[in-house]
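**Q** This is the structure I have questions about; it appears just below.
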Amino acid sequence: MLEKEYLELADLLYPNTKDVNYYLNKFAPRVTSGEVTRLAPSPTGYLHIGQLYQALIHRMLANSTGGIFYMRLEDTDNKREVENAGQIAYDMLCRFGLKPDEGYRGDNMTEIGDYGPYVQSHRLEIYYAFAHELVKCGKAFPCFCQMAENKEEILRRREEELEETSDLEVKDPCRNLTLSEIKEKLSKGEKFALRLKSSGTKDKTFEFTDEIKGKKEIRENLKDDVLIKSNGIPVYAFAHVVDDTLMHTSIIVRGQEWFQSLPVHIELSKALNLPVFKYAHTPSVCVLDESGNKRKISKRKDTFADVRFFLEKGYPVEAVCEYLLNLLNSDFELWRKNNPTLHYFEFPFEINKVGVTNPLFDFMKLNDISKSIISRYTAEQVYASLVAWATEWNKASLSLIEENKDVLLNMFAIDRGGERPRKDITYFSEVLDLYN
Ligand code: GLU
């Protein structure tokens with residue numbers, strides 16, 4: 001296709017979009033020189049312990065560099081959407097002391113910040129402007145296969161090719177459609193998905209330095225991945241590059257499951273003439289399965305995957321955060337020993353000290369930390385925390401607690417406040433049994 005045909009095609013596919021420079025100028029670089037981090041959950045479930053672990057990194061990085069931590073809601077997968085999940089995620093971040101400075105704040109609150117909207121479903125016109133730009137430069141093309149009658153066949157063939165060659169070279173047949181063929185399909189009302197025209201070369205690699213994984217040799221992208229689905233909704237890769245560019249995220253901290261699609265993300269940034277992000281892919285918090293192998297904490301198998309578990313149990317939120325910091329930076333423990341009274345936000349967190357191996361979630365260790373934290377509470381603090389816990393999770397026990405306030409306070413005061421305080425309480429849901 002000729003250059004002017006690409007422009008015509010872009011106008012046909014994405015009419016009336018603004019120039020990308022409009023957005024690049026509108027969302028000018030931030031004034032902060034600190035790290036700009038974000039948690040970008042999809043509202044497909046409650047806040048997962050793995051997301052809390054990520055959020056802690058974001059908050060710590062922003063705090064230690066005088067930067068900004070914001071929240072973006074990635075609600076582009078409406079099939080898997082769970083009602084209220086965005087709200088719950090935001091509320092949980094706040095409950096665990098990791099309130100974002102900017103962005104989405106729940107469904108009924110206006111968002112804060114100059115880089116919004118922070119909910120992806122409200123950003124479609126921005127994505128279309130960037131899609132227009134890609135088509136105009138000949139770097140993306142419409143694919144009609146999804147809607148074609150032989151869709152199943154095409155998908156099956158691609159899968160086979162993928163298995164046979166295992167080199168992930170999946171050039172889409174629609175990349176060779178002529179402008180008039182495309183026009184004909186469009187005039188018939190055929191729906192299209194937008195695909196990246198990948199430019200990678202087989203067996204070619206490039207060097208990439210991940211802030212956690214270090215230097216890595218990465219294969220060029222060979223896949224004509226979908227960028228915008230036929231329902232007009234962008235996929236993660238495309239929305240990530242557009243949003244994190246315009247919101248000026250300075251470091252993309254995310255789970256290592258995204259590492260394998262990194263070549264596409266890098267190619268996309270380059271195709272749009274944008275600088276490639278700094279990335280940090282975090283290890284996954286794991287548990288041991290029945291046969292003693294490590295596996296990721298699973299929503300289905302592990303009740304504590306949902307962070308509300310820790311609140312219901314009555315762990316102090318700082319115990320959970322401190323425990324996660326232990327998993328993240330191995331020198332946290334020593335720092336805590338030397339600085340028993342400082343808030344953990346004072347810990348000089350460093351992203352490149354995050355280990356590369358998947359840590360195991362160890363309740364014994366969490367319980368130790370929790371016991372130490374509660375042992376430093378005054379008797380009044382223990383009582384107040386118990387009341388707060390019961391008010392939320394066990395109203396039936398509230399009157400018993402209140403009727404016995406003096407007795408409880410006296411008992412909590414035993415061996416408290418000295419050099420070696422008594423460490424008997426692990427979480428507040430066990431107090432009534434313990435002190436029965
Ligand atoms: N919405 C993505 C997720 O929930 C975000 C990944 C990222 O942090 O970039 O997995």
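Ligands are numbered from 1 in the order shown, chains are lettered A, B, ... in the order of the structure tokens, and residues start at 1 in each chain.
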I want to know what sits within 8 Å of A:Met92, based on only C-alpha atoms, with residues of the same chain fewer than 6 positions away left out; could you give that as a short mmCIF file (atom, residue, chain, number, x, y, z; two decimals) with all heavy atoms, in the first residue's frame?
**A**
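Dumped to result.cif:
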```cif
data_model
loop_
_atom_site.label_atom_id
_atom_site.label_comp_id
_atom_site.auth_asym_id
_atom_site.auth_seq_id
_atom_site.Cartn_x
_atom_site.Cartn_y
_atom_site.Cartn_z
N LEU A 47 -9.19 -8.05 45.50
CA LEU A 47 -7.75 -7.76 45.46
C LEU A 47 -6.98 -9.00 45.94
O LEU A 47 -7.23 -9.52 47.03
CB LEU A 47 -7.41 -6.54 46.31
CG LEU A 47 -6.02 -5.96 46.08
CD1 LEU A 47 -5.96 -5.17 44.78
CD2 LEU A 47 -5.58 -5.07 47.23
N VAL A 307 -7.28 -10.71 49.86
CA VAL A 307 -6.65 -10.03 51.01
C VAL A 307 -7.63 -9.80 52.17
O VAL A 307 -7.20 -9.57 53.30
CB VAL A 307 -5.98 -8.70 50.62
CG1 VAL A 307 -4.87 -8.91 49.63
CG2 VAL A 307 -7.01 -7.70 50.09
N ARG A 308 -8.94 -9.90 51.88
CA ARG A 308 -9.90 -9.71 52.98
C ARG A 308 -9.75 -10.81 54.03
O ARG A 308 -10.14 -10.63 55.18
CB ARG A 308 -11.33 -9.70 52.42
CG ARG A 308 -11.66 -8.42 51.69
CD ARG A 308 -13.01 -8.46 51.04
NE ARG A 308 -13.06 -9.49 49.99
CZ ARG A 308 -14.08 -9.65 49.16
NH1 ARG A 308 -15.13 -8.87 49.24
NH2 ARG A 308 -14.06 -10.60 48.24
#
```
**Q** Can you tell me, as a count of residues only, which residues in stretch 225-333 of chain A count as alpha helix (DSSP H) by DSSP?
**A** 41
**Q** For A:Arg30, find every residue with an atom within 10 Å (counting only C-alpha atoms), except residues of its own chain fewer than 6 positions away, and show them as a list of chain:residue names.
**A**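 What passes the distance filter is A:Val36, A:Gly67, A:Ile68, A:Asp114, A:Tyr115, A:Met247, A:His248, A:Thr249.
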**Q** Quick one: write out the picked residues with N, CA, C and O atoms as a PDB file, in the first residue's frame?
**A**
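Dumped everything to result21.pdb:
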```pdb
ATOM      1  N   VAL A  36       7.118   7.320  39.161  1.00  0.00           N
ATOM      2  CA  VAL A  36       5.661   7.322  39.016  1.00  0.00           C
ATOM      3  C   VAL A  36       5.243   5.872  38.780  1.00  0.00           C
ATOM      4  O   VAL A  36       5.646   5.257  37.789  1.00  0.00           O
ATOM      5  N   GLY A  67       7.962  10.352  44.601  1.00  0.00           N
ATOM      6  CA  GLY A  67       7.162  10.251  43.375  1.00  0.00           C
ATOM      7  C   GLY A  67       5.678  10.110  43.644  1.00  0.00           C
ATOM      8  O   GLY A  67       5.170  10.563  44.676  1.00  0.00           O
ATOM      9  N   ILE A  68       5.011   9.464  42.722  1.00  0.00           N
ATOM     10  CA  ILE A  68       3.547   9.355  42.778  1.00  0.00           C
ATOM     11  C   ILE A  68       3.125   7.923  42.498  1.00  0.00           C
ATOM     12  O   ILE A  68       3.669   7.275  41.607  1.00  0.00           O
ATOM     13  N   ASP A 114      -4.488  14.869  36.907  1.00  0.00           N
ATOM     14  CA  ASP A 114      -4.599  15.537  35.607  1.00  0.00           C
ATOM     15  C   ASP A 114      -4.328  14.598  34.440  1.00  0.00           C
ATOM     16  O   ASP A 114      -4.152  15.037  33.316  1.00  0.00           O
ATOM     17  N   TYR A 115      -4.203  13.312  34.713  1.00  0.00           N
ATOM     18  CA  TYR A 115      -3.802  12.395  33.635  1.00  0.00           C
ATOM     19  C   TYR A 115      -4.891  11.385  33.287  1.00  0.00           C
ATOM     20  O   TYR A 115      -4.621  10.377  32.663  1.00  0.00           O
ATOM     21  N   MET A 247       0.163   8.745  30.971  1.00  0.00           N
ATOM     22  CA  MET A 247       0.109   8.983  32.420  1.00  0.00           C
ATOM     23  C   MET A 247       1.515   9.111  32.999  1.00  0.00           C
ATOM     24  O   MET A 247       1.695   9.285  34.182  1.00  0.00           O
ATOM     25  N   HIS A 248       2.501   8.964  32.148  1.00  0.00           N
ATOM     26  CA  HIS A 248       3.912   9.128  32.518  1.00  0.00           C
ATOM     27  C   HIS A 248       4.347   8.223  33.660  1.00  0.00           C
ATOM     28  O   HIS A 248       4.983   8.661  34.616  1.00  0.00           O
ATOM     29  N   THR A 249       3.983   6.967  33.545  1.00  0.00           N
ATOM     30  CA  THR A 249       4.488   5.972  34.492  1.00  0.00           C
ATOM     31  C   THR A 249       5.985   5.852  34.230  1.00  0.00           C
ATOM     32  O   THR A 249       6.394   5.689  33.074  1.00  0.00           O
TER      33      THR A 249
END
```
**Q** Give me, as a VMD selection string, the set of residues whose atoms come within 7 Å of any atom of ligand 1, counting only C-alpha atoms and all ligand atoms.
**A** chain A and resid 39 to 42 74 236 240 252 to 255
**Q** Let's see if you can do this: from backbone DSSP, list all strand (DSSP E) residues in stretch 38-159 of chain A, as a VMD selection string.
**A** chain A and resid 38 to 39 68 to 71 102 to 103 140 to 143
**Q** Which residue is closest to A:Trp393? Choose from A:Phe238, A:Phe310, A:Tyr6, A:Phe208 and count only C-alpha atoms.
**A**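 With only C-alpha atoms as the atom set, the closest residue is A:Phe310.
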**Q** Determine the nearest neighbour of A:Asp302 from the options A:Ala271, A:Glu350, A:Tyr377, A:Phe361, counting only C-alpha atoms.
**A** A:Phe361
**Q** Name the residues in contact with stretch 125-133 of chain A at a cut-off of 9 Å, using only C-alpha atoms, excluding same-chain residues fewer than 3 positions from it; report them as a ChimeraX atom specification.
**A** /A:7,9-11,13-20,23,122,136-140,194,227-228,232-234,238-239,242-243,272
**Q** Return the single residue from A:His343, A:Arg376, A:Lys313, A:Arg219 that is closest to A:Ser429, with distances computed using only C-alpha atoms.
**A**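 Comparing A:His343, A:Arg376, A:Lys313, A:Arg219 against A:Ser429, the winner is A:Lys313.
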**Q** So that I can check the surroundings of stretch 291-296 of chain A, please list as a ChimeraX atom specification every protein, DNA and RNA residue that reaches within 12 Å of it, counting only C-alpha atoms and ignoring chain neighbours fewer than 5 positions away.
**A** /A:48-50,255-257,283-286,301-302,305,357-361
**Q** Output the selection as a compact mmCIF listing (two decimals), in the first residue's frame - all heavy atoms for each residue.
**A**
```txt
# COMPACT_ATOMS: atom_id res chain seq x y z
N HIS A 48 -6.07 -9.43 45.13
CA HIS A 48 -5.31 -10.66 45.36
C HIS A 48 -4.07 -10.30 46.19
O HIS A 48 -3.54 -9.20 46.08
CB HIS A 48 -4.91 -11.19 43.98
CG HIS A 48 -4.29 -12.53 43.96
ND1 HIS A 48 -2.95 -12.73 44.22
CD2 HIS A 48 -4.81 -13.74 43.68
CE1 HIS A 48 -2.69 -14.03 44.11
NE2 HIS A 48 -3.79 -14.66 43.77
N ILE A 49 -3.60 -11.24 46.99
CA ILE A 49 -2.41 -10.99 47.81
C ILE A 49 -1.22 -10.60 46.91
O ILE A 49 -0.39 -9.76 47.29
CB ILE A 49 -2.09 -12.20 48.73
CG1 ILE A 49 -0.91 -11.93 49.66
CG2 ILE A 49 -1.86 -13.48 47.94
CD1 ILE A 49 -1.21 -11.06 50.81
N GLY A 50 -1.18 -11.17 45.70
CA GLY A 50 -0.11 -10.82 44.76
C GLY A 50 -0.20 -9.36 44.33
O GLY A 50 0.81 -8.70 44.09
N GLY A 255 3.67 -8.34 37.34
CA GLY A 255 3.99 -9.75 37.57
C GLY A 255 4.80 -10.34 36.42
O GLY A 255 4.68 -9.90 35.28
N GLN A 256 5.59 -11.36 36.75
CA GLN A 256 6.48 -11.92 35.73
C GLN A 256 5.73 -12.64 34.60
O GLN A 256 6.30 -12.94 33.56
CB GLN A 256 7.50 -12.83 36.35
CG GLN A 256 6.91 -14.06 37.02
CD GLN A 256 8.00 -14.91 37.62
OE1 GLN A 256 9.17 -14.64 37.42
NE2 GLN A 256 7.63 -15.92 38.37
N GLU A 257 4.43 -12.89 34.82
CA GLU A 257 3.67 -13.55 33.75
C GLU A 257 3.60 -12.67 32.51
O GLU A 257 3.31 -13.14 31.42
CB GLU A 257 2.26 -13.95 34.23
CG GLU A 257 1.33 -12.82 34.64
CD GLU A 257 1.53 -12.37 36.09
OE1 GLU A 257 2.57 -12.70 36.70
OE2 GLU A 257 0.63 -11.65 36.60
N PRO A 283 8.81 -11.51 40.90
CA PRO A 283 8.53 -12.93 41.08
C PRO A 283 7.13 -13.12 41.67
O PRO A 283 6.55 -12.16 42.18
CB PRO A 283 9.62 -13.38 42.07
CG PRO A 283 10.11 -12.14 42.70
CD PRO A 283 9.85 -11.00 41.78
N SER A 284 6.62 -14.33 41.59
CA SER A 284 5.27 -14.58 42.11
C SER A 284 5.34 -15.20 43.50
O SER A 284 6.16 -16.10 43.73
CB SER A 284 4.52 -15.57 41.22
OG SER A 284 4.68 -15.22 39.88
N VAL A 285 4.48 -14.76 44.37
CA VAL A 285 4.42 -15.38 45.70
C VAL A 285 3.76 -16.75 45.53
O VAL A 285 2.73 -16.88 44.88
CB VAL A 285 3.61 -14.52 46.69
CG1 VAL A 285 3.72 -15.09 48.09
CG2 VAL A 285 4.08 -13.08 46.65
N CYS A 286 4.40 -17.77 46.11
CA CYS A 286 3.95 -19.15 45.89
C CYS A 286 3.61 -19.87 47.18
O CYS A 286 3.91 -19.38 48.28
CB CYS A 286 5.07 -19.93 45.20
SG CYS A 286 5.28 -19.46 43.48
N LYS A 301 -7.84 -22.16 45.02
CA LYS A 301 -7.38 -23.12 46.03
C LYS A 301 -7.03 -22.49 47.38
O LYS A 301 -7.05 -23.17 48.40
CB LYS A 301 -6.15 -23.86 45.51
CG LYS A 301 -6.45 -24.71 44.31
CD LYS A 301 -5.22 -25.50 43.90
CE LYS A 301 -5.44 -26.20 42.58
NZ LYS A 301 -4.20 -26.41 41.86
N ASP A 302 -6.65 -21.22 47.40
CA ASP A 302 -6.13 -20.64 48.63
C ASP A 302 -7.04 -19.52 49.14
O ASP A 302 -7.13 -18.48 48.50
CB ASP A 302 -4.72 -20.08 48.38
CG ASP A 302 -3.81 -21.11 47.76
OD1 ASP A 302 -3.63 -22.18 48.38
OD2 ASP A 302 -3.30 -20.89 46.64
N ALA A 305 -5.81 -15.97 49.24
CA ALA A 305 -5.50 -15.19 48.03
C ALA A 305 -6.25 -13.87 48.07
O ALA A 305 -5.76 -12.84 47.61
CB ALA A 305 -5.88 -15.98 46.79
N THR A 357 13.92 -15.32 42.58
CA THR A 357 13.19 -16.59 42.77
C THR A 357 11.83 -16.33 43.43
O THR A 357 11.69 -15.40 44.22
CB THR A 357 13.98 -17.57 43.67
OG1 THR A 357 14.59 -16.81 44.69
CG2 THR A 357 15.00 -18.35 42.90
N ASN A 358 10.89 -17.18 43.09
CA ASN A 358 9.54 -17.01 43.64
C ASN A 358 9.55 -17.32 45.13
O ASN A 358 9.88 -18.43 45.53
CB ASN A 358 8.57 -17.96 42.94
CG ASN A 358 8.37 -17.59 41.49
OD1 ASN A 358 8.61 -16.44 41.11
ND2 ASN A 358 7.94 -18.54 40.69
N PRO A 359 9.19 -16.35 45.97
CA PRO A 359 9.19 -16.63 47.40
C PRO A 359 7.99 -17.47 47.82
O PRO A 359 6.96 -17.46 47.15
CB PRO A 359 9.10 -15.23 48.02
CG PRO A 359 8.41 -14.40 47.01
CD PRO A 359 8.76 -14.97 45.66
N LEU A 360 8.15 -18.18 48.93
CA LEU A 360 7.06 -18.99 49.47
C LEU A 360 6.33 -18.21 50.56
O LEU A 360 6.97 -17.60 51.42
CB LEU A 360 7.63 -20.26 50.11
CG LEU A 360 7.88 -21.45 49.21
CD1 LEU A 360 8.47 -22.58 50.03
CD2 LEU A 360 6.59 -21.91 48.53
N PHE A 361 5.03 -18.25 50.52
CA PHE A 361 4.26 -17.58 51.58
C PHE A 361 4.31 -18.47 52.81
O PHE A 361 3.91 -19.62 52.78
CB PHE A 361 2.81 -17.37 51.13
CG PHE A 361 2.12 -16.34 51.98
CD1 PHE A 361 2.05 -15.03 51.58
CD2 PHE A 361 1.56 -16.70 53.20
CE1 PHE A 361 1.43 -14.07 52.38
CE2 PHE A 361 0.95 -15.76 54.01
CZ PHE A 361 0.88 -14.43 53.59
```
